[in-house]
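File shown here: upload33.pdb, holding PDB, C-alpha atoms, pLDDT in the B column.
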ATOM      1  CA  MET A   1     175.694 -91.172 -79.382  1.00 45.00           C
ATOM      2  CA  GLU A   2     174.264 -93.832 -77.050  1.00 61.00           C
ATOM      3  CA  ASN A   3     175.524 -96.587 -79.345  1.00 60.00           C
ATOM      4  CA  THR A   4     179.039 -95.169 -79.279  1.00 65.00           C
ATOM      5  CA  LEU A   5     179.027 -95.120 -75.474  1.00 69.00           C
ATOM      6  CA  LEU A   6     177.676 -98.674 -75.305  1.00 65.00           C
ATOM      7  CA  ILE A   7     180.379 -99.918 -77.678  1.00 65.00           C
ATOM      8  CA  GLY A   8     183.055 -98.257 -75.524  1.00 69.00           C
ATOM      9  CA  LEU A   9     181.479 -99.640 -72.353  1.00 70.00           C
ATOM     10  CA  SER A  10     181.445-103.174 -73.768  1.00 68.00           C
ATOM     11  CA  ARG A  11     185.185-102.891 -74.420  1.00 69.00           C
ATOM     12  CA  GLN A  12     185.876-101.510 -70.926  1.00 72.00           C
ATOM     13  CA  VAL A  13     183.960-104.399 -69.301  1.00 72.00           C
ATOM     14  CA  ALA A  14     185.986-106.866 -71.399  1.00 72.00           C
ATOM     15  CA  LEU A  15     189.263-105.186 -70.392  1.00 73.00           C
ATOM     16  CA  ALA A  16     188.277-105.299 -66.698  1.00 74.00           C
ATOM     17  CA  ARG A  17     187.559-109.035 -67.013  1.00 73.00           C
ATOM     18  CA  GLU A  18     190.921-109.578 -68.714  1.00 75.00           C
ATOM     19  CA  LEU A  19     192.674-107.687 -65.898  1.00 78.00           C
ATOM     20  CA  ASP A  20     190.956-109.936 -63.301  1.00 75.00           C
ATOM     21  CA  VAL A  21     192.169-113.062 -65.127  1.00 70.00           C
ATOM     22  CA  ILE A  22     195.745-111.740 -65.375  1.00 74.00           C
ATOM     23  CA  ALA A  23     195.778-110.725 -61.691  1.00 77.00           C
ATOM     24  CA  ASN A  24     194.586-114.199 -60.640  1.00 71.00           C
ATOM     25  CA  ASN A  25     197.263-115.864 -62.784  1.00 66.00           C
ATOM     26  CA  MET A  26     199.971-113.622 -61.283  1.00 76.00           C
ATOM     27  CA  ALA A  27     198.769-114.231 -57.712  1.00 73.00           C
ATOM     28  CA  ASN A  28     199.060-117.997 -58.229  1.00 68.00           C
ATOM     29  CA  VAL A  29     202.364-118.136 -60.092  1.00 68.00           C
ATOM     30  CA  ASN A  30     203.953-120.154 -57.234  1.00 70.00           C
ATOM     31  CA  THR A  31     200.919-122.358 -56.468  1.00 65.00           C
ATOM     32  CA  ASN A  32     201.585-126.076 -57.002  1.00 69.00           C
ATOM     33  CA  GLY A  33     199.561-127.452 -59.899  1.00 60.00           C
ATOM     34  CA  PHE A  34     197.903-124.115 -60.694  1.00 65.00           C
ATOM     35  CA  LYS A  35     196.487-123.941 -64.202  1.00 65.00           C
ATOM     36  CA  ALA A  36     196.309-120.464 -65.667  1.00 67.00           C
ATOM     37  CA  ARG A  37     193.328-119.138 -67.563  1.00 68.00           C
ATOM     38  CA  SER A  38     193.354-116.826 -70.556  1.00 66.00           C
ATOM     39  CA  SER A  39     190.784-114.354 -71.794  1.00 65.00           C
ATOM     40  CA  ARG A  40     188.861-114.883 -74.981  1.00 64.00           C
ATOM     41  CA  PHE A  41     186.737-112.170 -76.541  1.00 57.00           C
ATOM     42  CA  GLU A  42     184.357-112.230 -79.460  1.00 60.00           C
ATOM     43  CA  GLU A  43     182.812-109.629 -81.679  1.00 60.00           C
ATOM     44  CA  PHE A  44     179.070-109.202 -81.454  1.00 56.00           C
ATOM     45  CA  LEU A  45     177.506-107.493 -84.445  1.00 53.00           C
ATOM     46  CA  GLU A  46     174.223-105.685 -83.947  1.00 55.00           C
ATOM     47  CA  PRO A  47     172.641-105.428 -87.397  1.00 52.00           C
ATOM     48  CA  ASP A  48     169.309-104.030 -86.224  1.00 52.00           C
ATOM     49  CA  ALA A  49     170.607-100.900 -84.516  1.00 48.00           C
ATOM     50  CA  SER A  50     169.858 -97.804 -86.492  1.00 51.00           C
ATOM     51  CA  ILE A  51     171.674 -94.541 -86.634  1.00 53.00           C
ATOM     52  CA  GLU A  52     168.789 -92.419 -87.828  1.00 54.00           C
ATOM     53  CA  THR A  53     170.028 -89.121 -86.426  1.00 49.00           C
ATOM     54  CA  PHE A  54     173.188 -89.067 -88.529  1.00 51.00           C
ATOM     55  CA  PRO A  55     173.367 -88.147 -92.204  1.00 51.00           C
ATOM     56  CA  TRP A  56     175.215 -91.319 -93.304  1.00 54.00           C
ATOM     57  CA  PRO A  57     173.370 -94.605 -93.861  1.00 52.00           C
ATOM     58  CA  ASP A  58     172.825 -97.283 -91.231  1.00 56.00           C
ATOM     59  CA  ARG A  59     175.776 -99.539 -90.515  1.00 59.00           C
ATOM     60  CA  THR A  60     176.384-102.632 -88.424  1.00 62.00           C
ATOM     61  CA  LEU A  61     177.536-101.878 -84.874  1.00 61.00           C
ATOM     62  CA  SER A  62     180.314-104.003 -83.373  1.00 64.00           C
ATOM     63  CA  TYR A  63     180.378-104.788 -79.619  1.00 61.00           C
ATOM     64  CA  VAL A  64     182.891-106.785 -77.558  1.00 65.00           C
ATOM     65  CA  ILE A  65     181.604-109.731 -75.527  1.00 65.00           C
ATOM     66  CA  ASP A  66     183.381-112.087 -73.125  1.00 63.00           C
ATOM     67  CA  GLY A  67     183.977-115.361 -74.971  1.00 60.00           C
ATOM     68  CA  GLY A  68     185.128-117.282 -71.871  1.00 64.00           C
ATOM     69  CA  THR A  69     188.284-117.986 -69.901  1.00 63.00           C
ATOM     70  CA  PRO A  70     189.692-121.370 -70.971  1.00 64.00           C
ATOM     71  CA  ILE A  71     192.186-123.254 -68.801  1.00 69.00           C
ATOM     72  CA  ASP A  72     195.731-123.669 -70.086  1.00 68.00           C
ATOM     73  CA  LEU A  73     196.439-127.392 -69.589  1.00 67.00           C
ATOM     74  CA  THR A  74     199.958-127.412 -70.953  1.00 70.00           C
ATOM     75  CA  ASP A  75     202.372-129.232 -68.672  1.00 72.00           C
ATOM     76  CA  GLY A  76     204.188-126.946 -66.273  1.00 68.00           C
ATOM     77  CA  ALA A  77     207.774-127.227 -65.134  1.00 70.00           C
ATOM     78  CA  THR A  78     208.525-130.034 -62.699  1.00 74.00           C
ATOM     79  CA  GLU A  79     211.358-130.216 -60.232  1.00 77.00           C
ATOM     80  CA  PRO A  80     212.437-132.829 -57.690  1.00 81.00           C
ATOM     81  CA  THR A  81     211.171-132.122 -54.171  1.00 80.00           C
ATOM     82  CA  GLY A  82     212.650-135.043 -52.273  1.00 83.00           C
ATOM     83  CA  ASN A  83     209.175-136.027 -51.042  1.00 85.00           C
ATOM     84  CA  PRO A  84     208.239-139.506 -52.357  1.00 86.00           C
ATOM     85  CA  LEU A  85     204.549-138.532 -52.183  1.00 87.00           C
ATOM     86  CA  ASP A  86     204.879-135.580 -54.578  1.00 88.00           C
ATOM     87  CA  VAL A  87     203.651-136.430 -58.081  1.00 89.00           C
ATOM     88  CA  ALA A  88     202.911-134.569 -61.312  1.00 86.00           C
ATOM     89  CA  ILE A  89     200.589-135.348 -64.194  1.00 85.00           C
ATOM     90  CA  ARG A  90     201.632-135.326 -67.833  1.00 82.00           C
ATOM     91  CA  GLY A  91     198.725-134.522 -70.105  1.00 81.00           C
ATOM     92  CA  ASP A  92     195.237-133.190 -69.459  1.00 81.00           C
ATOM     93  CA  ALA A  93     194.148-135.402 -66.534  1.00 85.00           C
ATOM     94  CA  PHE A  94     193.228-134.370 -62.978  1.00 88.00           C
ATOM     95  CA  PHE A  95     193.536-136.076 -59.588  1.00 91.00           C
ATOM     96  CA  ALA A  96     190.178-136.911 -57.980  1.00 91.00           C
ATOM     97  CA  VAL A  97     189.838-135.910 -54.316  1.00 93.00           C
ATOM     98  CA  GLN A  98     187.054-136.231 -51.764  1.00 94.00           C
ATOM     99  CA  THR A  99     185.843-132.981 -50.182  1.00 93.00           C
ATOM    100  CA  PRO A 100     182.920-132.255 -47.836  1.00 92.00           C
ATOM    101  CA  ALA A 101     181.074-130.963 -50.923  1.00 89.00           C
ATOM    102  CA  GLY A 102     181.712-134.176 -52.889  1.00 89.00           C
ATOM    103  CA  GLU A 103     184.269-135.292 -55.444  1.00 90.00           C
ATOM    104  CA  ARG A 104     186.434-132.496 -56.807  1.00 91.00           C
ATOM    105  CA  TYR A 105     189.514-132.345 -59.040  1.00 90.00           C
ATOM    106  CA  THR A 106     193.001-130.858 -58.808  1.00 89.00           C
ATOM    107  CA  ARG A 107     196.358-130.814 -60.577  1.00 85.00           C
ATOM    108  CA  ASN A 108     198.225-130.248 -57.286  1.00 86.00           C
ATOM    109  CA  GLY A 109     200.212-133.425 -56.592  1.00 87.00           C
ATOM    110  CA  ALA A 110     201.852-132.308 -53.321  1.00 88.00           C
ATOM    111  CA  PHE A 111     200.455-135.226 -51.315  1.00 91.00           C
ATOM    112  CA  GLN A 112     201.060-136.295 -47.732  1.00 89.00           C
ATOM    113  CA  MET A 113     199.791-138.828 -45.190  1.00 88.00           C
ATOM    114  CA  ASP A 114     197.247-137.800 -42.546  1.00 89.00           C
ATOM    115  CA  ALA A 115     196.911-139.170 -39.003  1.00 87.00           C
ATOM    116  CA  GLN A 116     194.480-141.879 -40.228  1.00 89.00           C
ATOM    117  CA  GLY A 117     196.994-143.177 -42.775  1.00 87.00           C
ATOM    118  CA  ARG A 118     195.190-141.747 -45.816  1.00 90.00           C
ATOM    119  CA  LEU A 119     196.930-140.146 -48.786  1.00 91.00           C
ATOM    120  CA  VAL A 120     195.697-136.527 -48.757  1.00 92.00           C
ATOM    121  CA  THR A 121     196.269-133.207 -50.507  1.00 91.00           C
ATOM    122  CA  SER A 122     198.069-130.351 -48.760  1.00 86.00           C
ATOM    123  CA  ASP A 123     194.591-129.110 -47.736  1.00 88.00           C
ATOM    124  CA  GLY A 124     193.756-132.476 -46.130  1.00 91.00           C
ATOM    125  CA  PHE A 125     191.347-133.827 -48.783  1.00 94.00           C
ATOM    126  CA  PRO A 126     191.646-137.612 -49.309  1.00 95.00           C
ATOM    127  CA  VAL A 127     193.092-138.598 -52.681  1.00 94.00           C
ATOM    128  CA  LEU A 128     190.798-141.062 -54.439  1.00 93.00           C
ATOM    129  CA  GLY A 129     192.002-144.314 -55.917  1.00 91.00           C
ATOM    130  CA  ASP A 130     190.225-146.894 -58.025  1.00 84.00           C
ATOM    131  CA  GLY A 131     188.216-148.080 -55.007  1.00 84.00           C
ATOM    132  CA  GLY A 132     187.886-144.924 -52.910  1.00 89.00           C
ATOM    133  CA  PRO A 133     190.386-143.056 -50.725  1.00 92.00           C
ATOM    134  CA  ILE A 134     193.876-144.556 -50.662  1.00 90.00           C
ATOM    135  CA  GLN A 135     194.450-145.979 -47.192  1.00 89.00           C
ATOM    136  CA  LEU A 136     197.712-147.266 -45.715  1.00 86.00           C
ATOM    137  CA  GLU A 137     197.870-149.749 -42.869  1.00 83.00           C
ATOM    138  CA  PRO A 138     199.643-149.201 -39.526  1.00 80.00           C
ATOM    139  CA  GLY A 139     203.245-150.276 -39.884  1.00 78.00           C
ATOM    140  CA  ASP A 140     203.454-149.536 -43.634  1.00 80.00           C
ATOM    141  CA  SER A 141     206.732-147.892 -44.602  1.00 82.00           C
ATOM    142  CA  ASP A 142     208.734-147.101 -47.725  1.00 86.00           C
ATOM    143  CA  VAL A 143     205.741-145.568 -49.522  1.00 87.00           C
ATOM    144  CA  VAL A 144     206.348-145.249 -53.267  1.00 87.00           C
ATOM    145  CA  ILE A 145     204.083-143.900 -56.011  1.00 89.00           C
ATOM    146  CA  GLY A 146     204.870-145.528 -59.343  1.00 88.00           C
ATOM    147  CA  PRO A 147     204.671-143.966 -62.825  1.00 87.00           C
ATOM    148  CA  ASP A 148     201.214-145.506 -63.321  1.00 87.00           C
ATOM    149  CA  GLY A 149     199.923-144.035 -60.026  1.00 87.00           C
ATOM    150  CA  THR A 150     200.215-147.278 -58.038  1.00 88.00           C
ATOM    151  CA  VAL A 151     200.820-146.631 -54.341  1.00 90.00           C
ATOM    152  CA  SER A 152     203.052-149.341 -52.844  1.00 88.00           C
ATOM    153  CA  THR A 153     204.593-149.918 -49.429  1.00 86.00           C
ATOM    154  CA  ASN A 154     206.897-152.500 -47.891  1.00 86.00           C
ATOM    155  CA  ALA A 155     203.763-154.680 -47.482  1.00 83.00           C
ATOM    156  CA  GLY A 156     202.607-154.434 -51.124  1.00 84.00           C
ATOM    157  CA  GLU A 157     200.208-152.364 -53.223  1.00 87.00           C
ATOM    158  CA  ARG A 158     197.660-150.140 -51.478  1.00 88.00           C
ATOM    159  CA  GLY A 159     195.833-148.762 -54.508  1.00 89.00           C
ATOM    160  CA  ARG A 160     196.221-146.712 -57.671  1.00 92.00           C
ATOM    161  CA  ILE A 161     195.585-142.970 -57.819  1.00 92.00           C
ATOM    162  CA  ALA A 162     192.496-142.220 -59.907  1.00 90.00           C
ATOM    163  CA  LEU A 163     192.954-139.819 -62.804  1.00 89.00           C
ATOM    164  CA  VAL A 164     190.034-138.270 -64.648  1.00 88.00           C
ATOM    165  CA  ARG A 165     189.709-136.099 -67.705  1.00 85.00           C
ATOM    166  CA  PHE A 166     186.972-133.966 -69.222  1.00 82.00           C
ATOM    167  CA  GLU A 167     185.826-133.534 -72.806  1.00 79.00           C
ATOM    168  CA  GLN A 168     185.743-129.771 -72.264  1.00 74.00           C
ATOM    169  CA  PRO A 169     188.159-128.877 -69.447  1.00 73.00           C
ATOM    170  CA  GLY A 170     187.554-125.192 -70.117  1.00 68.00           C
ATOM    171  CA  SER A 171     184.101-125.607 -68.607  1.00 72.00           C
ATOM    172  CA  LEU A 172     185.553-126.508 -65.193  1.00 77.00           C
ATOM    173  CA  SER A 173     184.664-124.097 -62.430  1.00 78.00           C
ATOM    174  CA  ASN A 174     187.426-122.852 -60.071  1.00 76.00           C
ATOM    175  CA  LEU A 175     186.516-123.371 -56.413  1.00 79.00           C
ATOM    176  CA  GLY A 176     189.653-122.077 -54.678  1.00 75.00           C
ATOM    177  CA  ALA A 177     192.252-124.236 -52.885  1.00 74.00           C
ATOM    178  CA  ASN A 178     193.352-125.293 -56.402  1.00 81.00           C
ATOM    179  CA  LEU A 179     190.158-127.361 -56.813  1.00 85.00           C
ATOM    180  CA  PHE A 180     187.824-127.599 -59.772  1.00 83.00           C
ATOM    181  CA  ALA A 181     184.204-128.683 -60.081  1.00 85.00           C
ATOM    182  CA  PRO A 182     182.866-130.061 -63.355  1.00 80.00           C
ATOM    183  CA  LEU A 183     179.849-128.936 -65.307  1.00 76.00           C
ATOM    184  CA  GLU A 184     179.909-132.308 -67.096  1.00 71.00           C
ATOM    185  CA  PRO A 185     180.527-135.850 -65.863  1.00 72.00           C
ATOM    186  CA  ALA A 186     184.171-136.854 -65.459  1.00 67.00           C
ATOM    187  CA  GLN A 187     185.646-139.642 -67.554  1.00 66.00           C
ATOM    188  CA  GLU A 188     188.372-141.996 -66.397  1.00 62.00           C
ATOM    189  CA  ALA A 189     191.694-140.970 -67.842  1.00 54.00           C
ATOM    190  CA  ILE A 190     194.165-143.300 -69.442  1.00 51.00           C
ATOM    191  CA  PRO A 191     197.132-143.285 -67.040  1.00 46.00           C
ATOM    192  CA  ALA A 192     199.531-140.670 -68.366  1.00 43.00           C
ATOM    193  CA  GLY A 193     202.303-141.238 -65.845  1.00 45.00           C
ATOM    194  CA  THR A 194     203.023-139.390 -62.644  1.00 41.00           C
TER     195      THR A 194
END

Once you've parsed the file, please lay out its structure as structure tokens.
Amino acid sequence: MENTLLIGLSRQVALARELDVIANNMANVNTNGFKARSSRFEEFLEPDASIETFPWPDRTLSYVIDGGTPIDLTDGATEPTGNPLDVAIRGDAFFAVQTPAGERYTRNGAFQMDAQGRLVTSDGFPVLGDGGPIQLEPGDSDVVIGPDGTVSTNAGERGRIALVRFEQPGSLSNLGANLFAPLEPAQEAIPAGT
């Protein structure tokens, strides 16, 4: 009887985890650059458990275990915003941003300029380029972000937005504010357009 309850409990824990993932996806349906997660479950067979108190012979017991919550990196819908600093990524790359906790990654391309002339996310984190944060000079105007991520103004190029990718993006950890932290080193991405 204990085994039957444990099998049922393993399924209930898996269903609760799946409900948490679905609720998070629904809560972020209108979040710029949000990447949904899905639930993955696996069967765990316990061959050593015995059912000695029942008249039928021993059999393998099957439990449900959480197999992870991979990120769905398919491209989402894009729409014009009228803001020349809004960009989107095609493919599996991420923007690199500087946070107080170090370099983090996002798919949210709703950028803006801060009071210091830096290109920042909507949460105020500096967007990293090939040589650090992208900085504009006083008097720069007509800011344009090209398809290769190059940030240009009326006075010329100011940098190129850094894109990174991961061998196993499903291992990224969600940090909130649409940011991710890696469990593996990031690799420079081949520019996939903006």

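Here the PyMOL selection byres ((chain A and resi 106) around 6) captures the residues Phe94, Phe95, Tyr105, Arg107, Asn108 and Leu179 of chain A.
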
Task: Residue among A:Glu79, A:Pro185, A:Val87, A:Asp20 lying closest to A:Gln168, counting only C-alpha atoms - done: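 Ranking A:Glu79, A:Pro185, A:Val87, A:Asp20 by distance to A:Gln168, first place goes to A:Pro185.
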
Edge lengths and centre, in Å to one decimal, as lines of an AutoDock Vina configuration file: that's what I need for the box along x, y and z that holds all listed atoms of stretch 83-94 of chain A plus 6 Å on each side.
center_x = 201.2
center_y = -136.3
center_z = -60.6
size_x = 27.9
size_y = 18.3
size_z = 31.1

TODO: List the residues selected by the PyMOL selection byres ((chain A and resi 150) around 12) in the file shown, writing them as a list in words.
DONE: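 Applied to this file, the PyMOL selection byres ((chain A and resi 150) around 12) selects Leu85, Val87, Leu128, Gly129, Asp130, Ile134, Val143, Val144, Ile145, Gly146, Pro147, Asp148, Gly149, Val151, Ser152, Thr153, Gly156, Glu157, Arg158, Gly159, Arg160, Ile161, Ala162, Leu163, Pro191, Gly193 and Thr194 of chain A.
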
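Applied to the file shown here, the PyMOL selection byres ((chain A and resi 180) around 10) selects Phe94, Ala96, Glu103, Arg104, Tyr105, Thr106, Arg107, Pro169, Ser171, Leu172, Ser173, Asn174, Leu175, Gly176, Ala177, Asn178, Leu179, Ala181, Pro182 and Leu183 of chain A.
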
TODO: Can you work out the spacing between atom CA of A:Ser141 and atom CA of A:Ile89 in Å, to one decimal?
DONE: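 Separation of atom CA of A:Ser141 and atom CA of A:Ile89: 24.1 Å.
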
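Across the structure, atom CA of A:Ala101 and atom CA of A:Asp123 are spaced 14.0 Å apart.
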
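When only C-alpha atoms are used to measure the gap to A:Gly109, the shortest distance among A:Glu18, A:Asp86, A:Gly91, A:Thr74 belongs to A:Asp86.
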
TODO: Could you tell me how far atom CA of A:Ala155 lies from atom CA of A:Arg90, in Å and to one decimal?
DONE: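 So the answer is 28.2 Å.
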